Amino acid sequence: MDFYMSTRLITGNNCILNNAEMFSEMGQRCLIVTGKSSAKRCGALGDVTEALGRVGIGYSIYDEIVQNPTIASCIEAGKLAKGYGADFIIGIGGGSPLDAAKIVAVCAANPKTEEDDLYARKWIKDALPVLLIGTTAGTGSEVTPVSVLTDSRGRKRSIRDERIYAKISFGDPRYTETLPRKFVLSTAVDALAHCIESYFSKKANDISAAFALRGAAILRETLGSVLQSNTKLDSDQRERLYNASILGGLAISVTGTTFPHNMGYFLSEDYGVAHGNACAVYLPELLRYAEKCAPERISSFFAAIGGDIDCLIDLIERITPKLDIILTEEDIKRLMPRWENNSSVASTVGNVTADMIEKILRDKFCK
Ligand code: NAP
Ligand code: FE
């Protein structure tokens with residue numbers, strides 16, 4: 001096994017203000033990277049600026065990060081950070097601002113590095129240190145060495161590099177109180193996808209499996225109760241979902257994701273489907289496939305998380321909205337080359353062939 005995770009992770013209510021002195025270890029000035037409004041609305045930005053004020057750190061804010069963030073916005077924010085003389089970057093948000101902050105930190109240290117070199121991980125100077133504050137319980141980006149960014153052709157592509165781990169991540173589950181229910185569900189099902197995909201990856205080992213199984217067990221139990229009531233989540237449910245998202249992030253830090261994530265990207269790019277829903281739509285196929293080609297793994301999975309395959313698929317189908325998408329023959333022809341020699345697809349247990357992918361697409365979207 002080879003396990004490396006260099007992020008200090010602190011979670012719990014009020015964890016930012018309780019640890020304000022940690023910000024001063026990072027430098028004197030920072031750029032804060034956020035989306036349009038949620039960082040303010042959920043209280044995280046207020047806590048961060050108060051903590052920075054207490055320890056006398058200057059800041060500037062870049063709040064232009066959109067869902068499925070673009071690499072162009074990271075290059076732009078990197079130049080602003082450099083111009084401002086930032087010593088470190090703070091990302092506040094769901095996966096989109098967190099992923100962006102990691103590459104803003106690279107661009108701030110390497111402002112002339114262009115898109116292709118960023119994806120090829122060819123940068124010279126070390127990235128600025130990064131501090132992340134999660135406001136969704138989903139991606140686990142707080143603890144992954146991954147940034148998923150949309151390129152100039154509109155395609156979502158990952159940059160995976162140990163040098164982009166955050167130095168410190170804070171997770172205060174109270175921030176998810178303002179998250180609309182549709183995002184509570186789409187982000188939680190993303191975390192579930194991370195746990196399931198990691199467990200049924202050829203790259204899984206005992207460490208990743210421990211994270212994946214615990215995360216999946218928490219999610220199965222908690223999402224069952226969340227779906228049964230229409231009321232707001234209580235603080236215990238929030239904390240459980242947040243912790244499960246971190247466990248999912250740790251699991252995919254070891255294994256990466258498999259075919260559901262990769263087949264989900266076009267649904268976000270072309271049809272605006274929320275990331276978690278776009279990936280989870282293929283989880284039933286992954287589980288049924290694993291049942292055939294890795295029955296022992298399926299048994300150990302359900303022995304550890306409880307329930308059975310039918311109940312879990314039913315839960316996933318109740319969480320994810322029906323997608324009203326129809327693909328034509330041309331769409332299928334255009335899409336299929338994406339999955340040729342694709343390393344995420346190849347790391348799924350068994351042997352996922354092009355025929356299998358085409359059949360899944362046809363069954364789901366060509367009726
Ligand atoms: P997101 O795209 O960061 O945010 C979705 C929406 O939720 C935005 O409108 C955002 O508003 C809002 N929001 C976030 N936190 C909120 C809060 N506490 N209260 C109210 N609204 C809130 O969603 P996400 O699902 O967390 O991230 C998805 C991205 O992460 C995708 O691009 C995906 O590819 C990536 N991802 C990365 C990894 C990794 O390992 N790095 C893993 C999985 C997925 P604002 O725009 O105003 O902020
Ligand atoms: Fe994901």
# chains A, B, ... in the order shown; residues from 1 in each chain; ligands from 1
>>> residues_near_ligand(ligand="ligand 1", cutoff="8 Å", atoms="only C-alpha atoms and all ligand atoms", output="compact mmCIF listing (two decimals) with C-alpha atoms, in the first residue's frame")
# COMPACT_ATOMS: atom_id res chain seq x y z
CA THR A 34 -15.51 31.63 -3.30
CA GLY A 35 -18.63 31.22 -5.39
CA LYS A 36 -21.15 34.02 -5.88
CA SER A 37 -23.09 34.05 -2.62
CA SER A 38 -23.18 30.89 -0.49
CA ALA A 39 -19.93 31.54 1.40
CA ARG A 41 -24.96 33.20 3.32
CA CYS A 42 -23.79 30.15 5.25
CA ILE A 65 -16.16 30.72 -9.13
CA VAL A 66 -19.13 29.01 -10.81
CA GLN A 67 -20.30 25.39 -10.68
CA ASN A 68 -18.08 23.16 -12.82
CA PRO A 69 -15.40 25.86 -12.42
CA GLY A 93 -17.46 26.56 -0.67
CA GLY A 94 -18.59 23.36 -2.14
CA GLY A 95 -16.29 21.34 -4.38
CA SER A 96 -16.26 24.04 -7.08
CA PRO A 97 -14.49 26.82 -5.11
CA LEU A 98 -12.34 24.25 -3.24
CA ASP A 99 -11.12 22.66 -6.48
CA GLY A 134 -16.07 23.02 3.04
CA THR A 135 -19.71 24.14 2.91
CA THR A 136 -21.28 21.07 1.27
CA ALA A 137 -21.18 17.46 2.49
CA GLY A 138 -20.23 15.88 -0.78
CA THR A 139 -17.01 16.05 -2.70
CA GLY A 140 -14.46 15.54 0.07
CA SER A 141 -12.24 17.92 -1.92
CA GLU A 142 -10.99 19.15 1.48
CA VAL A 143 -8.85 15.98 1.66
CA THR A 144 -8.18 15.03 -1.97
CA PRO A 145 -5.18 15.87 -4.18
CA VAL A 146 -7.62 16.50 -7.04
CA SER A 147 -9.09 19.50 -8.82
CA VAL A 148 -11.76 19.03 -11.50
CA LEU A 149 -11.84 22.00 -13.85
CA LYS A 156 -14.39 18.63 -17.28
CA TYR A 175 -22.42 25.71 7.23
CA THR A 176 -24.55 23.14 5.40
CA GLU A 177 -27.71 24.45 7.14
CA THR A 178 -28.34 26.91 4.30
CA LEU A 179 -27.84 24.29 1.59
CA PRO A 180 -31.13 23.77 -0.34
CA PHE A 183 -28.10 20.11 -3.07
CA SER A 186 -27.04 15.68 -4.81
CA THR A 187 -23.91 16.28 -2.73
CA ASP A 190 -21.74 12.23 -4.70
CA ALA A 191 -20.14 11.14 -1.41
CA HIS A 194 -17.08 8.06 -4.05
CA GLY A 249 -12.72 11.85 -0.19
CA ILE A 252 -10.86 8.25 -3.63
CA SER A 253 -7.56 9.85 -2.64
CA TYR A 265 -19.12 14.49 -16.76
CA ALA A 274 -25.62 18.57 -10.69
CA HIS A 275 -22.37 16.65 -10.28
CA GLY A 276 -23.58 14.10 -7.70
>>> residues_around(residues="Ser347 of chain A", least_positions_apart="5", cutoff="7 Å", atoms="only C-alpha atoms", output="PyMOL selection string")
chain A and resi 201-203+258
>>> write_last_selection(atoms="C-alpha atoms", output="PDB file, in the first residue's frame")
ATOM      1  CA  SER A 201     -12.035  -0.167  -7.939  1.00  0.00           C
ATOM      2  CA  LYS A 202      -9.146  -2.394  -8.945  1.00  0.00           C
ATOM      3  CA  LYS A 203      -6.952   0.040  -7.011  1.00  0.00           C
ATOM      4  CA  THR A 258     -14.405   4.685 -11.737  1.00  0.00           C
TER       5      THR A 258
END
>>> closest_atom_pairs(of="segment 271-294 of chain A", to="segment 352-360 of chain A", cutoff="10 Å", atoms="only C-alpha atoms", output="JSON lines")
{"residue": "A:Tyr282", "atom": "CA", "partner": "A:Ile360", "partner_atom": "CA", "distance": 8.2}
{"residue": "A:Glu285", "atom": "CA", "partner": "A:Ile360", "partner_atom": "CA", "distance": 7.6}
{"residue": "A:Leu286", "atom": "CA", "partner": "A:Val352", "partner_atom": "CA", "distance": 9.8}
{"residue": "A:Tyr289", "atom": "CA", "partner": "A:Val352", "partner_atom": "CA", "distance": 9.0}
>>> write_last_selection(atoms="all heavy atoms", output="short mmCIF file (atom, residue, chain, number, x, y, z; two decimals), in the first residue's frame")
data_model
loop_
_atom_site.label_atom_id
_atom_site.label_comp_id
_atom_site.auth_asym_id
_atom_site.auth_seq_id
_atom_site.Cartn_x
_atom_site.Cartn_y
_atom_site.Cartn_z
N TYR A 282 -25.45 6.23 -12.62
CA TYR A 282 -24.85 4.97 -13.09
C TYR A 282 -24.51 4.00 -11.94
O TYR A 282 -23.98 2.92 -12.19
CB TYR A 282 -23.55 5.25 -13.85
CG TYR A 282 -23.73 6.20 -15.02
CD1 TYR A 282 -23.21 7.49 -14.96
CD2 TYR A 282 -24.41 5.81 -16.18
CE1 TYR A 282 -23.36 8.37 -16.02
CE2 TYR A 282 -24.56 6.69 -17.24
CZ TYR A 282 -24.03 7.97 -17.15
OH TYR A 282 -24.18 8.83 -18.21
N GLU A 285 -25.94 0.44 -12.18
CA GLU A 285 -25.22 -0.40 -13.16
C GLU A 285 -23.92 -0.91 -12.57
O GLU A 285 -23.54 -2.06 -12.77
CB GLU A 285 -24.94 0.36 -14.45
CG GLU A 285 -26.11 0.47 -15.40
CD GLU A 285 -27.20 1.40 -14.92
OE1 GLU A 285 -26.93 2.25 -14.05
OE2 GLU A 285 -28.35 1.27 -15.41
N LEU A 286 -23.21 -0.03 -11.84
CA LEU A 286 -21.94 -0.48 -11.24
C LEU A 286 -22.20 -1.60 -10.24
O LEU A 286 -21.50 -2.62 -10.23
CB LEU A 286 -21.23 0.71 -10.56
CG LEU A 286 -19.99 0.34 -9.74
CD1 LEU A 286 -18.95 -0.40 -10.59
CD2 LEU A 286 -19.34 1.59 -9.12
N TYR A 289 -23.20 -4.82 -11.98
CA TYR A 289 -22.04 -5.37 -12.68
C TYR A 289 -21.10 -6.06 -11.67
O TYR A 289 -20.65 -7.18 -11.89
CB TYR A 289 -21.31 -4.24 -13.42
CG TYR A 289 -20.07 -4.70 -14.14
CD1 TYR A 289 -20.16 -5.60 -15.20
CD2 TYR A 289 -18.82 -4.22 -13.78
CE1 TYR A 289 -19.01 -6.03 -15.87
CE2 TYR A 289 -17.68 -4.63 -14.44
CZ TYR A 289 -17.78 -5.54 -15.48
OH TYR A 289 -16.66 -5.96 -16.13
#
>>> atom_distance(atom1="atom CA of Pro295 of chain A", atom2="atom CA of Asn341 of chain A")
25.6 Å
>>> residues_around(residues="segment 363-367 of chain A", least_positions_apart="6", cutoff="10 Å", atoms="only C-alpha atoms", output="PyMOL selection string")
chain A and resi 281-282+323-329+332+357
>>> closest_residue(among="A:Cys195, A:Leu312, A:Val226, A:Cys293", to="ligand 2", atoms="only C-alpha atoms and all ligand atoms")
A:Cys195
>>> atom_distance(atom1="atom CA of Gly85 of chain A", atom2="atom CA of Lys122 of chain A")
22.8 Å
>>> residues_around(residues="Ile57 of chain A", least_positions_apart="6", cutoff="9 Å", atoms="only C-alpha atoms", output="NGL selection string")
:A and (23-24 or 27-30 or 49 or 51)
>>> write_last_selection(atoms="N, CA and C atoms", output="PDB file, in the first residue's frame")
ATOM      1  N   PHE A  23      -4.369  30.426  11.248  1.00  0.00           N
ATOM      2  CA  PHE A  23      -4.264  31.225  10.023  1.00  0.00           C
ATOM      3  C   PHE A  23      -2.923  31.961   9.985  1.00  0.00           C
ATOM      4  N   SER A  24      -2.417  32.322  11.161  1.00  0.00           N
ATOM      5  CA  SER A  24      -1.176  33.117  11.158  1.00  0.00           C
ATOM      6  C   SER A  24       0.043  32.275  10.773  1.00  0.00           C
ATOM      7  N   GLY A  27       0.821  32.926   6.645  1.00  0.00           N
ATOM      8  CA  GLY A  27       1.406  34.116   6.013  1.00  0.00           C
ATOM      9  C   GLY A  27       0.713  35.378   6.471  1.00  0.00           C
ATOM     10  N   GLN A  28       0.962  36.484   5.753  1.00  0.00           N
ATOM     11  CA  GLN A  28       0.459  37.811   6.163  1.00  0.00           C
ATOM     12  C   GLN A  28      -0.734  38.304   5.348  1.00  0.00           C
ATOM     13  N   ARG A  29      -0.836  37.801   4.091  1.00  0.00           N
ATOM     14  CA  ARG A  29      -1.916  38.262   3.201  1.00  0.00           C
ATOM     15  C   ARG A  29      -2.461  37.066   2.433  1.00  0.00           C
ATOM     16  N   CYS A  30      -3.767  37.097   2.163  1.00  0.00           N
ATOM     17  CA  CYS A  30      -4.306  35.950   1.409  1.00  0.00           C
ATOM     18  C   CYS A  30      -5.380  36.388   0.421  1.00  0.00           C
ATOM     19  N   THR A  49     -13.249  35.894   7.924  1.00  0.00           N
ATOM     20  CA  THR A  49     -12.744  37.275   7.996  1.00  0.00           C
ATOM     21  C   THR A  49     -12.562  37.694   9.460  1.00  0.00           C
ATOM     22  N   ALA A  51     -11.687  35.641  11.917  1.00  0.00           N
ATOM     23  CA  ALA A  51     -10.447  34.969  12.359  1.00  0.00           C
ATOM     24  C   ALA A  51      -9.224  35.699  11.803  1.00  0.00           C
TER      25      ALA A  51
END
>>> decode(residues="segment 81-111 of chain A", atoms="N, CA, C and O atoms", output="PDB file, in the first residue's frame")
ATOM      1  N   ALA A  81      -4.040  37.131  -7.215  1.00  0.00           N
ATOM      2  CA  ALA A  81      -3.335  36.772  -5.968  1.00  0.00           C
ATOM      3  C   ALA A  81      -1.896  37.255  -6.030  1.00  0.00           C
ATOM      4  O   ALA A  81      -1.358  37.816  -5.071  1.00  0.00           O
ATOM      5  N   LYS A  82      -1.286  37.041  -7.179  1.00  0.00           N
ATOM      6  CA  LYS A  82       0.117  37.461  -7.368  1.00  0.00           C
ATOM      7  C   LYS A  82       0.214  38.996  -7.235  1.00  0.00           C
ATOM      8  O   LYS A  82       1.056  39.531  -6.517  1.00  0.00           O
ATOM      9  N   GLY A  83      -0.717  39.700  -7.919  1.00  0.00           N
ATOM     10  CA  GLY A  83      -0.714  41.168  -7.876  1.00  0.00           C
ATOM     11  C   GLY A  83      -0.934  41.692  -6.460  1.00  0.00           C
ATOM     12  O   GLY A  83      -0.369  42.715  -6.065  1.00  0.00           O
ATOM     13  N   TYR A  84      -1.734  40.997  -5.701  1.00  0.00           N
ATOM     14  CA  TYR A  84      -2.045  41.428  -4.329  1.00  0.00           C
ATOM     15  C   TYR A  84      -0.909  41.068  -3.363  1.00  0.00           C
ATOM     16  O   TYR A  84      -0.854  41.569  -2.248  1.00  0.00           O
ATOM     17  N   GLY A  85      -0.006  40.190  -3.803  1.00  0.00           N
ATOM     18  CA  GLY A  85       1.085  39.754  -2.922  1.00  0.00           C
ATOM     19  C   GLY A  85       0.625  38.735  -1.890  1.00  0.00           C
ATOM     20  O   GLY A  85       1.126  38.707  -0.759  1.00  0.00           O
ATOM     21  N   ALA A  86      -0.343  37.894  -2.296  1.00  0.00           N
ATOM     22  CA  ALA A  86      -0.862  36.901  -1.340  1.00  0.00           C
ATOM     23  C   ALA A  86       0.209  35.870  -0.990  1.00  0.00           C
ATOM     24  O   ALA A  86       0.973  35.434  -1.858  1.00  0.00           O
ATOM     25  N   ASP A  87       0.251  35.491   0.285  1.00  0.00           N
ATOM     26  CA  ASP A  87       1.161  34.422   0.731  1.00  0.00           C
ATOM     27  C   ASP A  87       0.445  33.070   0.703  1.00  0.00           C
ATOM     28  O   ASP A  87       1.087  32.029   0.719  1.00  0.00           O
ATOM     29  N   PHE A  88      -0.887  33.106   0.764  1.00  0.00           N
ATOM     30  CA  PHE A  88      -1.640  31.840   0.755  1.00  0.00           C
ATOM     31  C   PHE A  88      -3.039  32.074   0.209  1.00  0.00           C
ATOM     32  O   PHE A  88      -3.473  33.220   0.046  1.00  0.00           O
ATOM     33  N   ILE A  89      -3.707  30.954  -0.098  1.00  0.00           N
ATOM     34  CA  ILE A  89      -5.052  31.005  -0.698  1.00  0.00           C
ATOM     35  C   ILE A  89      -6.022  30.312   0.256  1.00  0.00           C
ATOM     36  O   ILE A  89      -5.715  29.233   0.790  1.00  0.00           O
ATOM     37  N   ILE A  90      -7.206  30.930   0.423  1.00  0.00           N
ATOM     38  CA  ILE A  90      -8.276  30.266   1.185  1.00  0.00           C
ATOM     39  C   ILE A  90      -9.421  29.968   0.214  1.00  0.00           C
ATOM     40  O   ILE A  90      -9.868  30.872  -0.508  1.00  0.00           O
ATOM     41  N   GLY A  91      -9.871  28.744   0.165  1.00  0.00           N
ATOM     42  CA  GLY A  91     -11.046  28.399  -0.643  1.00  0.00           C
ATOM     43  C   GLY A  91     -12.214  28.135   0.292  1.00  0.00           C
ATOM     44  O   GLY A  91     -12.067  27.401   1.274  1.00  0.00           O
ATOM     45  N   ILE A  92     -13.375  28.751  -0.007  1.00  0.00           N
ATOM     46  CA  ILE A  92     -14.574  28.504   0.817  1.00  0.00           C
ATOM     47  C   ILE A  92     -15.704  28.081  -0.106  1.00  0.00           C
ATOM     48  O   ILE A  92     -16.045  28.820  -1.038  1.00  0.00           O
ATOM     49  N   GLY A  93     -16.306  26.928   0.139  1.00  0.00           N
ATOM     50  CA  GLY A  93     -17.465  26.562  -0.671  1.00  0.00           C
ATOM     51  C   GLY A  93     -17.660  25.072  -0.769  1.00  0.00           C
ATOM     52  O   GLY A  93     -17.089  24.284  -0.016  1.00  0.00           O
ATOM     53  N   GLY A  94     -18.466  24.746  -1.761  1.00  0.00           N
ATOM     54  CA  GLY A  94     -18.591  23.357  -2.139  1.00  0.00           C
ATOM     55  C   GLY A  94     -17.357  22.984  -2.951  1.00  0.00           C
ATOM     56  O   GLY A  94     -16.368  23.734  -3.018  1.00  0.00           O
ATOM     57  N   GLY A  95     -17.436  21.829  -3.622  1.00  0.00           N
ATOM     58  CA  GLY A  95     -16.294  21.341  -4.381  1.00  0.00           C
ATOM     59  C   GLY A  95     -15.800  22.328  -5.428  1.00  0.00           C
ATOM     60  O   GLY A  95     -14.598  22.383  -5.711  1.00  0.00           O
ATOM     61  N   SER A  96     -16.701  23.151  -5.978  1.00  0.00           N
ATOM     62  CA  SER A  96     -16.263  24.036  -7.076  1.00  0.00           C
ATOM     63  C   SER A  96     -15.230  25.059  -6.600  1.00  0.00           C
ATOM     64  O   SER A  96     -14.112  25.104  -7.134  1.00  0.00           O
ATOM     65  N   PRO A  97     -15.531  25.889  -5.576  1.00  0.00           N
ATOM     66  CA  PRO A  97     -14.488  26.818  -5.105  1.00  0.00           C
ATOM     67  C   PRO A  97     -13.282  26.096  -4.482  1.00  0.00           C
ATOM     68  O   PRO A  97     -12.152  26.595  -4.606  1.00  0.00           O
ATOM     69  N   LEU A  98     -13.492  24.944  -3.845  1.00  0.00           N
ATOM     70  CA  LEU A  98     -12.343  24.251  -3.237  1.00  0.00           C
ATOM     71  C   LEU A  98     -11.394  23.752  -4.331  1.00  0.00           C
ATOM     72  O   LEU A  98     -10.170  23.933  -4.238  1.00  0.00           O
ATOM     73  N   ASP A  99     -11.966  23.129  -5.365  1.00  0.00           N
ATOM     74  CA  ASP A  99     -11.117  22.657  -6.475  1.00  0.00           C
ATOM     75  C   ASP A  99     -10.402  23.833  -7.130  1.00  0.00           C
ATOM     76  O   ASP A  99      -9.218  23.752  -7.479  1.00  0.00           O
ATOM     77  N   ALA A 100     -11.145  24.938  -7.311  1.00  0.00           N
ATOM     78  CA  ALA A 100     -10.543  26.111  -7.964  1.00  0.00           C
ATOM     79  C   ALA A 100      -9.394  26.651  -7.122  1.00  0.00           C
ATOM     80  O   ALA A 100      -8.311  26.957  -7.648  1.00  0.00           O
ATOM     81  N   ALA A 101      -9.590  26.753  -5.792  1.00  0.00           N
ATOM     82  CA  ALA A 101      -8.565  27.349  -4.924  1.00  0.00           C
ATOM     83  C   ALA A 101      -7.225  26.618  -5.059  1.00  0.00           C
ATOM     84  O   ALA A 101      -6.157  27.237  -5.029  1.00  0.00           O
ATOM     85  N   LYS A 102      -7.298  25.283  -5.232  1.00  0.00           N
ATOM     86  CA  LYS A 102      -6.051  24.511  -5.336  1.00  0.00           C
ATOM     87  C   LYS A 102      -5.232  24.967  -6.549  1.00  0.00           C
ATOM     88  O   LYS A 102      -4.010  25.070  -6.486  1.00  0.00           O
ATOM     89  N   ILE A 103      -5.921  25.231  -7.662  1.00  0.00           N
ATOM     90  CA  ILE A 103      -5.169  25.611  -8.875  1.00  0.00           C
ATOM     91  C   ILE A 103      -4.894  27.120  -8.898  1.00  0.00           C
ATOM     92  O   ILE A 103      -3.895  27.560  -9.472  1.00  0.00           O
ATOM     93  N   VAL A 104      -5.729  27.913  -8.230  1.00  0.00           N
ATOM     94  CA  VAL A 104      -5.388  29.338  -8.065  1.00  0.00           C
ATOM     95  C   VAL A 104      -4.034  29.428  -7.362  1.00  0.00           C
ATOM     96  O   VAL A 104      -3.174  30.242  -7.732  1.00  0.00           O
ATOM     97  N   ALA A 105      -3.813  28.565  -6.369  1.00  0.00           N
ATOM     98  CA  ALA A 105      -2.549  28.598  -5.611  1.00  0.00           C
ATOM     99  C   ALA A 105      -1.363  28.234  -6.501  1.00  0.00           C
ATOM    100  O   ALA A 105      -0.272  28.783  -6.351  1.00  0.00           O
ATOM    101  N   VAL A 106      -1.588  27.322  -7.453  1.00  0.00           N
ATOM    102  CA  VAL A 106      -0.525  26.975  -8.407  1.00  0.00           C
ATOM    103  C   VAL A 106      -0.262  28.171  -9.326  1.00  0.00           C
ATOM    104  O   VAL A 106       0.892  28.559  -9.570  1.00  0.00           O
ATOM    105  N   CYS A 107      -1.353  28.780  -9.825  1.00  0.00           N
ATOM    106  CA  CYS A 107      -1.210  29.889 -10.793  1.00  0.00           C
ATOM    107  C   CYS A 107      -0.615  31.125 -10.132  1.00  0.00           C
ATOM    108  O   CYS A 107       0.110  31.888 -10.788  1.00  0.00           O
ATOM    109  N   ALA A 108      -0.908  31.339  -8.849  1.00  0.00           N
ATOM    110  CA  ALA A 108      -0.354  32.514  -8.162  1.00  0.00           C
ATOM    111  C   ALA A 108       1.167  32.422  -8.114  1.00  0.00           C
ATOM    112  O   ALA A 108       1.869  33.423  -8.250  1.00  0.00           O
ATOM    113  N   ALA A 109       1.685  31.205  -7.953  1.00  0.00           N
ATOM    114  CA  ALA A 109       3.147  31.022  -7.891  1.00  0.00           C
ATOM    115  C   ALA A 109       3.749  30.925  -9.296  1.00  0.00           C
ATOM    116  O   ALA A 109       4.947  31.147  -9.472  1.00  0.00           O
ATOM    117  N   ASN A 110       2.903  30.581 -10.281  1.00  0.00           N
ATOM    118  CA  ASN A 110       3.391  30.365 -11.663  1.00  0.00           C
ATOM    119  C   ASN A 110       2.455  31.094 -12.629  1.00  0.00           C
ATOM    120  O   ASN A 110       1.745  30.459 -13.419  1.00  0.00           O
ATOM    121  N   PRO A 111       2.425  32.457 -12.566  1.00  0.00           N
ATOM    122  CA  PRO A 111       1.371  33.179 -13.300  1.00  0.00           C
ATOM    123  C   PRO A 111       1.460  33.061 -14.814  1.00  0.00           C
ATOM    124  O   PRO A 111       0.485  33.351 -15.508  1.00  0.00           O
TER     125      PRO A 111
END
